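Engineer: Have a look at this one.
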Amino acid sequence: MIEPDLVICDVNLATMDVDRSDAYGMIEQGAVMIKDGTIAWLGKQADMPRFDALVTPVHSGKGAWLTPSLIDCHTHILFAGNRATEFEQRLQGVSYQQIAQQGGGIASTVRATREADHETLFVNAKTRLNSLLREGVTTVESKTGYGLDTENELKLLEVNTLLSAHHPIDIHSTFLGAHALPPEYAGRADEYIDIVCNDMLPRVAELNLATAVDVFCENVGFSYEQTRRVFEAATKLGLKVKCHAEQLSNQKGTELVAEFKGLSADHIEYLDEAGVIAMANAGTTAVLLPGAFYFLRETQLPPIELLRKHHVSMAIASDFNPGTAPLCSLRLMLNMGCTLFRMTPEETLKGVTCEAAKALGLSDRGVLKEGMRADIALWDISHPAQLSYQFGVNDLLNLWILGKLIQY
Ligand SMILES: O=C(O)CC[C@@H]1NC(=O)NC1=O
Ligand SMILES: [Fe+3]
């Protein structure tokens, strides 16, 4: 007999377990038993093992739907200031280039972030995490990238450590020192990459402040060769790599991150079939970011059919950032994944659960399965497709992290 800490019954399960033949890994009229923060048993309620109902808390879902809680595998929540005035300028026809020449764009967020202390950055990020928590998000990847010098990039990683200790959401840190060229290195990109590789990365690894390293490989970011240098330095230090790749053009960043068996290639609107095949061969996950596509009014769609053809995992994330995706909602991304990218509701729900876990190199979450973390969401819906179909409806009934009920 199992002695669970909690039993959740009278529910329908969208397990997202690809080993189950039904869509969404569906189990109707199911139940879940939780022990020590993990799933001890799940299945048809009629098959549930005996337990002592007198001592075990039982939560009836009253026929609602249970899924793995959601994972936002690509965010830039660590920053100060905002770019609302730029938003106005762009609506009046001022181009990105003109704004950047005026010292706007990423540079303006870098100035504000460098001036901000730990507390300001913590409070800013906490507010954004609370918004995601209310949508059922319990794991978030948080990138650096607005410090752009050793002191400030480490400051951002220290804030991530504080957030993980003081917020229920599980934070995974990615170092993105190669996000943009800081103004003091204008025209000297190779020298800045020297600093990233020889000063920042060793400190990040020594202090164990990040689990992955990302680079913005783009004609307005860093070159293929500069990206390779960062990946080589990261790999030597035992850090996994991922890449903002093919967002605005094809710089072959995806093939490069695949060469390093990287975790993910992110954005990939301009990806070609050679890049998709490289991802398939390397097991690299595609991270699709419909929020930036929408906010930039991009017209080049990512190659969804090619990703399907070559069985490349597809995750979806918010890319929340002040410049190209000031949209702090993973549920909105579920809807945009279908509406803009023509993905199926099952693909988008996989994109924020099991595939998002894969994009972060995590194998302990994102699926309702025995042995997995009991990170679970209960929804007031009559079918899992409703999670991408409807937006803005308060349909989250309950949220558990490691089997503990979360107030949000
Ligand atoms: O504009 C910003 O602040 C970030 C832009 C953001 N960063 C990146 O690598 N791609 C993006 O869209
Ligand atoms: Fe991004």
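Ligands are numbered from 1 in the order shown, residues from 1 within each chain, and chains are lettered A, B, ... in the order they appear in the structure tokens.
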Please check which protein, DNA or RNA residues sit within 8 Å of ligand 2, counting only C-alpha atoms and all ligand atoms, and write them as a PyMOL selection string.
Structural biologist: chain A and resi 74-76+244+266-267+319-321
Engineer: Those same residues - N, CA and C atoms - I'd like them written as a PDB file, in the first residue's frame.
Structural biologist:
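Everything below was put into part_34.pdb:
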ATOM      1  N   HIS A  74      12.467  30.657 -22.033  1.00  0.00           N
ATOM      2  CA  HIS A  74      13.271  31.727 -22.660  1.00  0.00           C
ATOM      3  C   HIS A  74      12.690  33.065 -22.219  1.00  0.00           C
ATOM      4  N   THR A  75      13.337  33.706 -21.197  1.00  0.00           N
ATOM      5  CA  THR A  75      12.893  35.030 -20.761  1.00  0.00           C
ATOM      6  C   THR A  75      14.096  35.922 -20.476  1.00  0.00           C
ATOM      7  N   HIS A  76      13.817  37.235 -20.576  1.00  0.00           N
ATOM      8  CA  HIS A  76      14.809  38.252 -20.213  1.00  0.00           C
ATOM      9  C   HIS A  76      14.202  39.132 -19.114  1.00  0.00           C
ATOM     10  N   HIS A 244      20.327  32.475 -29.698  1.00  0.00           N
ATOM     11  CA  HIS A 244      19.347  33.286 -30.425  1.00  0.00           C
ATOM     12  C   HIS A 244      19.800  33.210 -31.877  1.00  0.00           C
ATOM     13  N   ASP A 266      16.916  29.365 -30.823  1.00  0.00           N
ATOM     14  CA  ASP A 266      15.734  30.130 -30.439  1.00  0.00           C
ATOM     15  C   ASP A 266      15.432  31.224 -31.460  1.00  0.00           C
ATOM     16  N   HIS A 267      14.180  31.468 -31.722  1.00  0.00           N
ATOM     17  CA  HIS A 267      13.591  32.335 -32.752  1.00  0.00           C
ATOM     18  C   HIS A 267      13.456  31.558 -34.070  1.00  0.00           C
ATOM     19  N   ASP A 319       9.882  34.919 -24.325  1.00  0.00           N
ATOM     20  CA  ASP A 319      10.957  35.842 -24.716  1.00  0.00           C
ATOM     21  C   ASP A 319      10.750  37.205 -24.057  1.00  0.00           C
ATOM     22  N   PHE A 320      10.061  37.230 -22.897  1.00  0.00           N
ATOM     23  CA  PHE A 320       9.740  38.539 -22.294  1.00  0.00           C
ATOM     24  C   PHE A 320      11.000  39.395 -22.212  1.00  0.00           C
ATOM     25  N   ASN A 321      10.951  40.595 -22.865  1.00  0.00           N
ATOM     26  CA  ASN A 321      12.064  41.544 -22.833  1.00  0.00           C
ATOM     27  C   ASN A 321      11.522  42.917 -23.207  1.00  0.00           C
TER      28      ASN A 321
END
Engineer: Please identify the residues whose atoms come within 9 Å of ligand 1, using only C-alpha atoms and all ligand atoms, and report them as a PyMOL selection string.
Structural biologist: chain A and resi 76+83+105-110+145-146+176+178-180+215-218+221+243-245+247-248+267+292-293+296+319-325
Engineer: Where does DSSP see strand (DSSP E) in segment 189-273 of chain A, if you list the residues as a PDB file with all heavy atoms, in the first residue's frame?
Structural biologist:
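Result file follows (result_15.pdb):
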ATOM      1  N   ALA A 212      23.660  27.458 -18.355  1.00  0.00           N
ATOM      2  CA  ALA A 212      23.753  27.509 -19.822  1.00  0.00           C
ATOM      3  C   ALA A 212      24.281  28.870 -20.253  1.00  0.00           C
ATOM      4  O   ALA A 212      24.225  29.848 -19.489  1.00  0.00           O
ATOM      5  CB  ALA A 212      22.374  27.243 -20.445  1.00  0.00           C
ATOM      6  N   VAL A 213      24.795  28.884 -21.486  1.00  0.00           N
ATOM      7  CA  VAL A 213      25.339  30.115 -22.084  1.00  0.00           C
ATOM      8  C   VAL A 213      24.655  30.348 -23.429  1.00  0.00           C
ATOM      9  O   VAL A 213      24.512  29.404 -24.219  1.00  0.00           O
ATOM     10  CB  VAL A 213      26.867  29.987 -22.286  1.00  0.00           C
ATOM     11  CG1 VAL A 213      27.421  31.219 -23.008  1.00  0.00           C
ATOM     12  CG2 VAL A 213      27.567  29.806 -20.940  1.00  0.00           C
ATOM     13  N   ASP A 214      24.238  31.568 -23.681  1.00  0.00           N
ATOM     14  CA  ASP A 214      23.481  31.922 -24.880  1.00  0.00           C
ATOM     15  C   ASP A 214      24.234  33.035 -25.611  1.00  0.00           C
ATOM     16  O   ASP A 214      24.992  33.802 -24.992  1.00  0.00           O
ATOM     17  CB  ASP A 214      22.086  32.418 -24.425  1.00  0.00           C
ATOM     18  CG  ASP A 214      21.079  32.598 -25.549  1.00  0.00           C
ATOM     19  OD1 ASP A 214      21.492  32.514 -26.743  1.00  0.00           O
ATOM     20  OD2 ASP A 214      19.890  32.801 -25.249  1.00  0.00           O
ATOM     21  N   VAL A 215      24.038  33.132 -26.912  1.00  0.00           N
ATOM     22  CA  VAL A 215      24.644  34.204 -27.718  1.00  0.00           C
ATOM     23  C   VAL A 215      23.601  34.695 -28.725  1.00  0.00           C
ATOM     24  O   VAL A 215      22.845  33.874 -29.282  1.00  0.00           O
ATOM     25  CB  VAL A 215      25.889  33.705 -28.492  1.00  0.00           C
ATOM     26  CG1 VAL A 215      26.442  34.820 -29.392  1.00  0.00           C
ATOM     27  CG2 VAL A 215      26.978  33.221 -27.538  1.00  0.00           C
ATOM     28  N   PHE A 216      23.559  36.005 -28.956  1.00  0.00           N
ATOM     29  CA  PHE A 216      22.696  36.567 -29.990  1.00  0.00           C
ATOM     30  C   PHE A 216      23.497  36.582 -31.292  1.00  0.00           C
ATOM     31  O   PHE A 216      24.272  37.506 -31.535  1.00  0.00           O
ATOM     32  CB  PHE A 216      22.247  37.970 -29.609  1.00  0.00           C
ATOM     33  CG  PHE A 216      21.277  38.611 -30.574  1.00  0.00           C
ATOM     34  CD1 PHE A 216      20.406  37.847 -31.338  1.00  0.00           C
ATOM     35  CD2 PHE A 216      21.232  39.989 -30.709  1.00  0.00           C
ATOM     36  CE1 PHE A 216      19.502  38.441 -32.211  1.00  0.00           C
ATOM     37  CE2 PHE A 216      20.331  40.597 -31.580  1.00  0.00           C
ATOM     38  CZ  PHE A 216      19.463  39.814 -32.327  1.00  0.00           C
ATOM     39  N   CYS A 217      23.370  35.522 -32.080  1.00  0.00           N
ATOM     40  CA  CYS A 217      24.119  35.394 -33.344  1.00  0.00           C
ATOM     41  C   CYS A 217      23.275  36.003 -34.453  1.00  0.00           C
ATOM     42  O   CYS A 217      22.292  35.415 -34.909  1.00  0.00           O
ATOM     43  CB  CYS A 217      24.396  33.916 -33.629  1.00  0.00           C
ATOM     44  SG  CYS A 217      25.332  33.648 -35.151  1.00  0.00           S
ATOM     45  N   LYS A 240      26.474  24.160 -20.847  1.00  0.00           N
ATOM     46  CA  LYS A 240      25.725  23.887 -22.069  1.00  0.00           C
ATOM     47  C   LYS A 240      25.509  25.196 -22.826  1.00  0.00           C
ATOM     48  O   LYS A 240      25.550  26.285 -22.226  1.00  0.00           O
ATOM     49  CB  LYS A 240      24.371  23.269 -21.722  1.00  0.00           C
ATOM     50  CG  LYS A 240      24.441  21.948 -20.974  1.00  0.00           C
ATOM     51  CD  LYS A 240      25.030  20.833 -21.819  1.00  0.00           C
ATOM     52  CE  LYS A 240      24.009  20.241 -22.776  1.00  0.00           C
ATOM     53  NZ  LYS A 240      24.578  19.190 -23.645  1.00  0.00           N
ATOM     54  N   VAL A 241      25.241  25.083 -24.144  1.00  0.00           N
ATOM     55  CA  VAL A 241      25.033  26.296 -24.935  1.00  0.00           C
ATOM     56  C   VAL A 241      23.666  26.298 -25.611  1.00  0.00           C
ATOM     57  O   VAL A 241      23.052  25.243 -25.799  1.00  0.00           O
ATOM     58  CB  VAL A 241      26.126  26.465 -25.998  1.00  0.00           C
ATOM     59  CG1 VAL A 241      27.487  26.662 -25.337  1.00  0.00           C
ATOM     60  CG2 VAL A 241      26.138  25.297 -26.977  1.00  0.00           C
ATOM     61  N   LYS A 242      23.190  27.480 -25.907  1.00  0.00           N
ATOM     62  CA  LYS A 242      21.968  27.700 -26.690  1.00  0.00           C
ATOM     63  C   LYS A 242      22.172  28.993 -27.475  1.00  0.00           C
ATOM     64  O   LYS A 242      23.173  29.686 -27.268  1.00  0.00           O
ATOM     65  CB  LYS A 242      20.724  27.746 -25.809  1.00  0.00           C
ATOM     66  CG  LYS A 242      20.798  28.667 -24.623  1.00  0.00           C
ATOM     67  CD  LYS A 242      19.524  28.649 -23.775  1.00  0.00           C
ATOM     68  CE  LYS A 242      19.138  27.295 -23.283  1.00  0.00           C
ATOM     69  NZ  LYS A 242      17.733  26.994 -23.597  1.00  0.00           N
ATOM     70  N   CYS A 243      21.271  29.294 -28.404  1.00  0.00           N
ATOM     71  CA  CYS A 243      21.569  30.415 -29.305  1.00  0.00           C
ATOM     72  C   CYS A 243      20.315  31.136 -29.773  1.00  0.00           C
ATOM     73  O   CYS A 243      19.343  30.481 -30.180  1.00  0.00           O
ATOM     74  CB  CYS A 243      22.317  29.867 -30.520  1.00  0.00           C
ATOM     75  SG  CYS A 243      23.074  31.128 -31.559  1.00  0.00           S
ATOM     76  N   HIS A 244      20.327  32.475 -29.698  1.00  0.00           N
ATOM     77  CA  HIS A 244      19.347  33.286 -30.425  1.00  0.00           C
ATOM     78  C   HIS A 244      19.800  33.210 -31.877  1.00  0.00           C
ATOM     79  O   HIS A 244      20.827  33.809 -32.233  1.00  0.00           O
ATOM     80  CB  HIS A 244      19.385  34.739 -29.963  1.00  0.00           C
ATOM     81  CG  HIS A 244      18.711  35.018 -28.665  1.00  0.00           C
ATOM     82  ND1 HIS A 244      19.165  34.589 -27.448  1.00  0.00           N
ATOM     83  CD2 HIS A 244      17.588  35.726 -28.404  1.00  0.00           C
ATOM     84  CE1 HIS A 244      18.356  35.018 -26.488  1.00  0.00           C
ATOM     85  NE2 HIS A 244      17.398  35.715 -27.027  1.00  0.00           N
ATOM     86  N   ALA A 245      19.112  32.467 -32.703  1.00  0.00           N
ATOM     87  CA  ALA A 245      19.619  32.154 -34.048  1.00  0.00           C
ATOM     88  C   ALA A 245      18.566  32.405 -35.116  1.00  0.00           C
ATOM     89  O   ALA A 245      17.381  32.160 -34.916  1.00  0.00           O
ATOM     90  CB  ALA A 245      20.051  30.693 -34.085  1.00  0.00           C
ATOM     91  N   SER A 264      19.384  24.408 -27.427  1.00  0.00           N
ATOM     92  CA  SER A 264      18.297  24.961 -28.249  1.00  0.00           C
ATOM     93  C   SER A 264      18.801  26.022 -29.209  1.00  0.00           C
ATOM     94  O   SER A 264      19.849  26.647 -28.987  1.00  0.00           O
ATOM     95  CB  SER A 264      17.223  25.576 -27.335  1.00  0.00           C
ATOM     96  OG  SER A 264      17.728  26.726 -26.676  1.00  0.00           O
ATOM     97  N   ALA A 265      18.011  26.180 -30.275  1.00  0.00           N
ATOM     98  CA  ALA A 265      18.151  27.307 -31.197  1.00  0.00           C
ATOM     99  C   ALA A 265      16.834  28.070 -31.088  1.00  0.00           C
ATOM    100  O   ALA A 265      15.752  27.472 -31.244  1.00  0.00           O
ATOM    101  CB  ALA A 265      18.396  26.839 -32.618  1.00  0.00           C
ATOM    102  N   ASP A 266      16.916  29.365 -30.823  1.00  0.00           N
ATOM    103  CA  ASP A 266      15.734  30.130 -30.439  1.00  0.00           C
ATOM    104  C   ASP A 266      15.432  31.224 -31.460  1.00  0.00           C
ATOM    105  O   ASP A 266      16.365  31.843 -31.986  1.00  0.00           O
ATOM    106  CB  ASP A 266      15.960  30.776 -29.063  1.00  0.00           C
ATOM    107  CG  ASP A 266      16.246  29.745 -27.963  1.00  0.00           C
ATOM    108  OD1 ASP A 266      17.023  28.792 -28.211  1.00  0.00           O
ATOM    109  OD2 ASP A 266      15.695  29.889 -26.865  1.00  0.00           O
ATOM    110  N   HIS A 267      14.180  31.468 -31.722  1.00  0.00           N
ATOM    111  CA  HIS A 267      13.591  32.335 -32.752  1.00  0.00           C
ATOM    112  C   HIS A 267      13.456  31.558 -34.070  1.00  0.00           C
ATOM    113  O   HIS A 267      12.363  31.118 -34.382  1.00  0.00           O
ATOM    114  CB  HIS A 267      14.400  33.614 -33.012  1.00  0.00           C
ATOM    115  CG  HIS A 267      14.283  34.642 -31.954  1.00  0.00           C
ATOM    116  ND1 HIS A 267      13.162  35.402 -31.755  1.00  0.00           N
ATOM    117  CD2 HIS A 267      15.169  35.052 -31.015  1.00  0.00           C
ATOM    118  CE1 HIS A 267      13.350  36.244 -30.754  1.00  0.00           C
ATOM    119  NE2 HIS A 267      14.552  36.051 -30.276  1.00  0.00           N
TER     120      HIS A 267
END
Engineer: Can I get the residues of segment 269-309 of chain A within 6 Å of segment 257-261 of chain A, each with the closest pair of atoms and their distance in Å to one decimal, using only C-alpha atoms, sorted chain first then ascending number, as CSV?
Structural biologist:
residue,atom,partner,partner_atom,distance
A:Ala278,CA,A:Ala258,CA,5.9
A:Met279,CA,A:Ala258,CA,5.4
A:Ala282,CA,A:Lys261,CA,5.2
Engineer: Store the residues picked out above in a file with all heavy atoms, as an mmCIF file, in the first residue's frame.
Structural biologist:
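Saved result, again-v2.cif, follows:
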data_model
loop_
_atom_site.group_PDB
_atom_site.id
_atom_site.type_symbol
_atom_site.label_atom_id
_atom_site.label_comp_id
_atom_site.auth_asym_id
_atom_site.auth_seq_id
_atom_site.Cartn_x
_atom_site.Cartn_y
_atom_site.Cartn_z
ATOM 1 N N ALA A 278 20.462 19.707 -39.103
ATOM 2 C CA ALA A 278 21.541 19.764 -38.098
ATOM 3 C C ALA A 278 20.958 19.659 -36.688
ATOM 4 O O ALA A 278 21.488 18.942 -35.830
ATOM 5 C CB ALA A 278 22.325 21.061 -38.252
ATOM 6 N N MET A 279 19.813 20.330 -36.464
ATOM 7 C CA MET A 279 19.156 20.252 -35.137
ATOM 8 C C MET A 279 18.689 18.836 -34.864
ATOM 9 O O MET A 279 18.886 18.292 -33.776
ATOM 10 C CB MET A 279 17.951 21.196 -35.092
ATOM 11 C CG MET A 279 18.283 22.664 -35.154
ATOM 12 S SD MET A 279 16.775 23.660 -35.171
ATOM 13 C CE MET A 279 16.373 23.622 -33.432
ATOM 14 N N ALA A 282 21.475 16.588 -33.927
ATOM 15 C CA ALA A 282 22.118 16.912 -32.640
ATOM 16 C C ALA A 282 21.156 16.778 -31.452
ATOM 17 O O ALA A 282 21.590 16.836 -30.298
ATOM 18 C CB ALA A 282 22.670 18.336 -32.684
#
Engineer: Check the DSSP output for the backbone and give back, as a PyMOL selection string, the residues of segment 204-366 of chain A in alpha helix (DSSP H).
Structural biologist: chain A and resi 204-206+224-236+253-259+273-282+290-295+304-309+330-339+345-351+354-359
Engineer: Can you check which parts of segment 253-338 of chain A lie within 8 Å of segment 347-371 of chain A? Per residue, the shortest pair of atoms and distance in Å to one decimal, counting only C-alpha atoms, sorted by chain and number, as a tab-separated table.
Structural biologist:
residue	atom	partner	partner_atom	distance
A:Leu263	CA	A:Ala359	CA	5.4
A:Ser264	CA	A:Ala359	CA	5.6
A:Thr284	CA	A:Ala359	CA	7.7
A:Thr285	CA	A:Ala359	CA	5.5
A:Ala286	CA	A:Ala359	CA	7.7
A:Val287	CA	A:Ala359	CA	7.3
A:Ser313	CA	A:Glu355	CA	6.2
A:Met314	CA	A:Gly351	CA	5.7
A:Ala315	CA	A:Gly351	CA	3.7
A:Ile316	CA	A:Gly351	CA	4.8
A:Ala317	CA	A:Val352	CA	6.9
A:Leu330	CA	A:Val352	CA	8.0
A:Leu334	CA	A:Thr348	CA	5.5
A:Gly337	CA	A:Thr348	CA	6.2
A:Cys338	CA	A:Thr348	CA	7.1
Engineer: Could those selected residues go to a file with C-alpha atoms, as an mmCIF file, in the first residue's frame?
Structural biologist:
data_model
loop_
_atom_site.group_PDB
_atom_site.id
_atom_site.type_symbol
_atom_site.label_atom_id
_atom_site.label_comp_id
_atom_site.auth_asym_id
_atom_site.auth_seq_id
_atom_site.Cartn_x
_atom_site.Cartn_y
_atom_site.Cartn_z
ATOM 1 C CA LEU A 263 20.254 22.697 -25.906
ATOM 2 C CA SER A 264 18.297 24.961 -28.249
ATOM 3 C CA THR A 284 18.759 20.404 -30.357
ATOM 4 C CA THR A 285 15.325 21.796 -29.485
ATOM 5 C CA ALA A 286 13.649 24.604 -31.453
ATOM 6 C CA VAL A 287 12.396 27.396 -29.169
ATOM 7 C CA SER A 313 11.267 19.109 -30.705
ATOM 8 C CA MET A 314 9.409 22.435 -30.650
ATOM 9 C CA ALA A 315 9.204 24.481 -27.456
ATOM 10 C CA ILE A 316 7.426 27.829 -27.085
ATOM 11 C CA ALA A 317 8.400 30.652 -24.731
ATOM 12 C CA LEU A 330 3.013 32.285 -21.609
ATOM 13 C CA LEU A 334 0.133 29.248 -26.552
ATOM 14 C CA GLY A 337 1.736 29.505 -31.496
ATOM 15 C CA CYS A 338 -1.511 28.233 -33.022
#
